[in-house]
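Novice: Handing you a structure now.
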Amino acid sequence: MRFKLIVALVNPDITDEVVDKAKTAGATGDVIIPARGSGVSESKLFGISIVDKTDVILFVVEEHSANRILNAMKLDCNLCEPGRGIAFLIDIERVVGLEHQIEKIKDRLKNEQL
C-alpha cells in the first residue's frame, strides 16, 4: 500500500471544516499544528509586520484517495479564495505506525471498487 501526505495551510477559522471534508472524502486521521505566516500582501502596523495565524493540517492518506480528498478540500472549503489557505500533496517513501488504520483503508477501497 502506498501513501501520500496532504499538507493544508489554512485559516484557523476553517480548520474544522477542512478536517471534516477530508475525513468525509476518505482521510482516516489528521494532525493540526498552530502556526503563523505571511502571504503576498504583508501588512504592517507602526512598521511591525503583522503575520496571520495559520493551522498546518497533515493527513497521511492512501494514494488512491489523495486526489479525491484534496479536491474535496478545494471545492467544499473554497481554498481558491484568497486568505482561505492552500493544500498540496507530497509522496511518502515509507510509513510505519498505520497498522491500526490499514484495515479501515482496505475496507473503504474495497467498497469503492465495487
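Residues in the C-alpha cells are numbered from 1 in each chain, the chains being A, B, ... in the order shown, and ligands are numbered from 1 in the order shown.
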Need to verify the contact set: A:Ala27, 8 Å, only C-alpha atoms, exclusion of same-chain residues closer than 2 positions in sequence. Can you return it as a VMD selection string?
Specialist: chain A and resid 22 to 25 29 to 30 59 to 61 65 69
Novice: Could you turn the residues from that selection into a file that holds N, CA and C atoms, as a CSV table (one decimal), in the first residue's frame?
Specialist:
chain,number,residue,atom,x,y,z
A,22,ALA,N,-12.2,16.4,4.6
A,22,ALA,CA,-11.1,15.4,4.3
A,22,ALA,C,-11.5,14.1,4.8
A,23,LYS,N,-12.1,14.0,6.0
A,23,LYS,CA,-12.5,12.7,6.6
A,23,LYS,C,-13.7,12.1,5.8
A,24,THR,N,-14.6,13.0,5.4
A,24,THR,CA,-15.7,12.5,4.6
A,24,THR,C,-15.3,11.9,3.3
A,25,ALA,N,-14.2,12.5,2.7
A,25,ALA,CA,-13.6,12.1,1.4
A,25,ALA,C,-12.7,10.9,1.5
A,29,GLY,N,-7.3,10.2,9.6
A,29,GLY,CA,-6.7,10.9,10.7
A,29,GLY,C,-6.0,12.2,10.3
A,30,ASP,N,-5.7,13.0,11.3
A,30,ASP,CA,-5.0,14.2,11.0
A,30,ASP,C,-4.2,14.7,12.1
A,59,PHE,N,-2.3,15.1,6.7
A,59,PHE,CA,-3.1,13.9,6.5
A,59,PHE,C,-2.2,12.9,5.8
A,60,VAL,N,-2.0,11.7,6.4
A,60,VAL,CA,-1.3,10.6,5.7
A,60,VAL,C,-2.5,9.8,5.1
A,61,VAL,N,-2.5,9.7,3.8
A,61,VAL,CA,-3.7,9.1,3.1
A,61,VAL,C,-3.2,8.1,2.1
A,65,SER,N,-6.8,7.6,-2.7
A,65,SER,CA,-7.8,8.6,-2.1
A,65,SER,C,-7.3,10.0,-2.1
A,69,ILE,N,-9.6,13.5,-1.9
A,69,ILE,CA,-9.6,14.3,-0.6
A,69,ILE,C,-9.1,15.7,-0.9
Novice: Could you pull the residues within 10 Å of A:Ala8, counting only C-alpha atoms, minus those fewer than 5 positions along the same chain, as a PDB file with N, CA and C atoms, in the first residue's frame?
Specialist:
ATOM      1  N   THR A  15     -10.387  25.390   9.901  1.00  0.00           N
ATOM      2  CA  THR A  15      -9.685  24.137  10.196  1.00  0.00           C
ATOM      3  C   THR A  15     -10.647  22.971  10.382  1.00  0.00           C
ATOM      4  N   VAL A  18     -12.183  21.898   7.088  1.00  0.00           N
ATOM      5  CA  VAL A  18     -11.235  21.181   6.233  1.00  0.00           C
ATOM      6  C   VAL A  18     -11.077  19.742   6.720  1.00  0.00           C
ATOM      7  N   VAL A  19     -10.917  19.565   8.019  1.00  0.00           N
ATOM      8  CA  VAL A  19     -10.765  18.219   8.578  1.00  0.00           C
ATOM      9  C   VAL A  19     -12.015  17.382   8.303  1.00  0.00           C
ATOM     10  N   ILE A  32      -2.962  18.566  13.608  1.00  0.00           N
ATOM     11  CA  ILE A  32      -3.121  20.014  13.434  1.00  0.00           C
ATOM     12  C   ILE A  32      -2.034  20.715  14.242  1.00  0.00           C
ATOM     13  N   THR A  54      -2.187  30.687  11.237  1.00  0.00           N
ATOM     14  CA  THR A  54      -2.417  29.626  10.259  1.00  0.00           C
ATOM     15  C   THR A  54      -2.412  28.301  10.991  1.00  0.00           C
ATOM     16  N   ASP A  55      -3.185  27.358  10.516  1.00  0.00           N
ATOM     17  CA  ASP A  55      -3.089  25.992  11.008  1.00  0.00           C
ATOM     18  C   ASP A  55      -2.486  25.140   9.916  1.00  0.00           C
ATOM     19  N   VAL A  56      -1.538  24.302  10.297  1.00  0.00           N
ATOM     20  CA  VAL A  56      -0.958  23.321   9.386  1.00  0.00           C
ATOM     21  C   VAL A  56      -1.644  21.993   9.714  1.00  0.00           C
ATOM     22  N   ILE A  57      -2.332  21.439   8.721  1.00  0.00           N
ATOM     23  CA  ILE A  57      -3.029  20.173   8.922  1.00  0.00           C
ATOM     24  C   ILE A  57      -2.342  19.123   8.061  1.00  0.00           C
ATOM     25  N   LEU A  58      -1.967  18.022   8.678  1.00  0.00           N
ATOM     26  CA  LEU A  58      -1.291  16.936   7.975  1.00  0.00           C
ATOM     27  C   LEU A  58      -2.200  15.713   7.930  1.00  0.00           C
ATOM     28  N   PHE A  59      -2.325  15.134   6.738  1.00  0.00           N
ATOM     29  CA  PHE A  59      -3.097  13.909   6.544  1.00  0.00           C
ATOM     30  C   PHE A  59      -2.206  12.897   5.824  1.00  0.00           C
ATOM     31  N   LEU A  70      -8.064  15.900  -1.661  1.00  0.00           N
ATOM     32  CA  LEU A  70      -7.563  17.239  -1.985  1.00  0.00           C
ATOM     33  C   LEU A  70      -8.622  18.054  -2.728  1.00  0.00           C
ATOM     34  N   MET A  73     -11.406  19.188  -0.370  1.00  0.00           N
ATOM     35  CA  MET A  73     -10.963  20.329   0.437  1.00  0.00           C
ATOM     36  C   MET A  73     -11.001  21.605  -0.407  1.00  0.00           C
ATOM     37  N   LEU A  79     -10.809  26.767  -1.092  1.00  0.00           N
ATOM     38  CA  LEU A  79      -9.399  27.109  -0.943  1.00  0.00           C
ATOM     39  C   LEU A  79      -8.869  27.986  -2.068  1.00  0.00           C
ATOM     40  N   GLY A  85      -6.477  29.531   2.350  1.00  0.00           N
ATOM     41  CA  GLY A  85      -5.405  28.575   2.577  1.00  0.00           C
ATOM     42  C   GLY A  85      -4.966  27.907   1.298  1.00  0.00           C
ATOM     43  N   ILE A  86      -4.001  27.003   1.457  1.00  0.00           N
ATOM     44  CA  ILE A  86      -3.505  26.202   0.347  1.00  0.00           C
ATOM     45  C   ILE A  86      -3.354  24.758   0.840  1.00  0.00           C
ATOM     46  N   ALA A  87      -3.311  23.839  -0.109  1.00  0.00           N
ATOM     47  CA  ALA A  87      -3.069  22.440   0.228  1.00  0.00           C
ATOM     48  C   ALA A  87      -2.277  21.809  -0.905  1.00  0.00           C
ATOM     49  N   PHE A  88      -1.433  20.843  -0.557  1.00  0.00           N
ATOM     50  CA  PHE A  88      -0.624  20.175  -1.566  1.00  0.00           C
ATOM     51  C   PHE A  88      -0.291  18.758  -1.123  1.00  0.00           C
ATOM     52  N   LEU A  89       0.128  17.944  -2.102  1.00  0.00           N
ATOM     53  CA  LEU A  89       0.477  16.538  -1.883  1.00  0.00           C
ATOM     54  C   LEU A  89       1.981  16.343  -1.912  1.00  0.00           C
TER      55      LEU A  89
END
Novice: Write out as a ChimeraX atom specification the residues lying within 10 Å of A:Gly83, counting only C-alpha atoms and excluding same-chain residues fewer than 6 positions away.
Specialist: /A:10-11,39,52,54
Novice: Can I get the selected residues back with N, CA and C atoms, as a PDB file, in the first residue's frame?
Specialist:
ATOM      1  N   VAL A  10      -4.065  26.476   6.425  1.00  0.00           N
ATOM      2  CA  VAL A  10      -5.371  27.123   6.324  1.00  0.00           C
ATOM      3  C   VAL A  10      -5.606  28.134   7.441  1.00  0.00           C
ATOM      4  N   ASN A  11      -6.536  29.029   7.155  1.00  0.00           N
ATOM      5  CA  ASN A  11      -7.023  29.973   8.150  1.00  0.00           C
ATOM      6  C   ASN A  11      -7.649  29.161   9.286  1.00  0.00           C
ATOM      7  N   GLY A  39       1.468  36.225   3.615  1.00  0.00           N
ATOM      8  CA  GLY A  39       1.247  35.964   2.193  1.00  0.00           C
ATOM      9  C   GLY A  39       1.837  37.067   1.347  1.00  0.00           C
ATOM     10  N   ASP A  52      -0.353  36.469   9.888  1.00  0.00           N
ATOM     11  CA  ASP A  52      -1.632  35.819  10.120  1.00  0.00           C
ATOM     12  C   ASP A  52      -1.441  34.486  10.818  1.00  0.00           C
ATOM     13  N   THR A  54      -2.187  30.687  11.237  1.00  0.00           N
ATOM     14  CA  THR A  54      -2.417  29.626  10.259  1.00  0.00           C
ATOM     15  C   THR A  54      -2.412  28.301  10.991  1.00  0.00           C
TER      16      THR A  54
END
Novice: Counting only C-alpha atoms, figure out which residue out of A:Lys4, A:His100, A:Leu9, A:Glu17 gets nearest to A:Cys77.
Specialist: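 Of A:Lys4, A:His100, A:Leu9, A:Glu17, the one nearest A:Cys77, counting only C-alpha atoms, is A:Glu17.
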Novice: By how many Å are atom CA of A:Asn71 and atom CA of A:Ile6 apart?
Specialist: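 Interatomic distance, atom CA of A:Asn71 to atom CA of A:Ile6: 11.2 Å.
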Novice: For A:Asn78, which residue out of A:Lys21, A:Arg2, A:Lys53, A:Arg36 is the nearest one, using only C-alpha atoms?
Specialist: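 Using only C-alpha atoms, the shortest distance to A:Asn78 belongs to A:Lys21.
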Novice: Between A:Pro34, A:Leu109, A:His64, A:Val95, which has the minimum distance to A:Asp13 (counting only C-alpha atoms)?
Specialist: A:Pro34
Novice: For the structure I just gave you, how does DSSP split chain A - specifically, which residues are strand (DSSP E)? Reply as a PyMOL selection string.
Specialist: chain A and resi 3-10+31-37+43-45+48-50+52-62+85-91
Novice: Could those selected residues go to a file with C-alpha atoms, as a tab-separated table (two decimals), in the first residue's frame?
Specialist:
chain	number	residue	atom	x	y	z
A	3	PHE	CA	0.67	6.69	0.88
A	4	LYS	CA	0.78	10.43	0.27
A	5	LEU	CA	0.97	13.34	2.68
A	6	ILE	CA	-1.59	16.08	2.23
A	7	VAL	CA	-0.40	19.32	3.80
A	8	ALA	CA	-3.01	22.04	4.25
A	9	LEU	CA	-2.05	25.52	5.44
A	10	VAL	CA	-5.37	27.12	6.32
A	31	VAL	CA	-2.51	16.30	12.88
A	32	ILE	CA	-3.12	20.01	13.43
A	33	ILE	CA	-0.20	22.34	14.17
A	34	PRO	CA	-0.81	26.02	15.03
A	35	ALA	CA	1.49	28.29	13.01
A	36	ARG	CA	1.80	31.79	11.62
A	37	GLY	CA	2.80	33.15	8.25
A	43	SER	CA	0.53	44.07	6.44
A	44	LYS	CA	2.43	46.41	8.74
A	45	LEU	CA	1.30	48.34	11.78
A	48	ILE	CA	5.95	45.97	12.51
A	49	SER	CA	4.96	43.07	10.27
A	50	ILE	CA	1.61	41.53	11.09
A	52	ASP	CA	-1.63	35.82	10.12
A	53	LYS	CA	-2.41	32.83	12.27
A	54	THR	CA	-2.42	29.63	10.26
A	55	ASP	CA	-3.09	25.99	11.01
A	56	VAL	CA	-0.96	23.32	9.39
A	57	ILE	CA	-3.03	20.17	8.92
A	58	LEU	CA	-1.29	16.94	7.98
A	59	PHE	CA	-3.10	13.91	6.54
A	60	VAL	CA	-1.33	10.64	5.69
A	61	VAL	CA	-3.65	9.08	3.10
A	62	GLU	CA	-3.70	6.10	0.77
A	85	GLY	CA	-5.40	28.58	2.58
A	86	ILE	CA	-3.51	26.20	0.35
A	87	ALA	CA	-3.07	22.44	0.23
A	88	PHE	CA	-0.62	20.17	-1.57
A	89	LEU	CA	0.48	16.54	-1.88
A	90	ILE	CA	3.85	15.03	-1.06
A	91	ASP	CA	4.93	11.48	-1.91
Novice: Enumerate as a ChimeraX atom specification all residues of chain A assigned to alpha helix (DSSP H) by DSSP on the backbone, naming them with the chain letters and numbers the document uses.
Specialist: /A:15-25,63-76,99-113
Novice: Out of A:Asp20, A:Lys104, A:Thr28, A:Ala66, which residue has the shortest atom-to-atom distance to A:Ile92 when counting only C-alpha atoms?
Specialist: A:Ala66
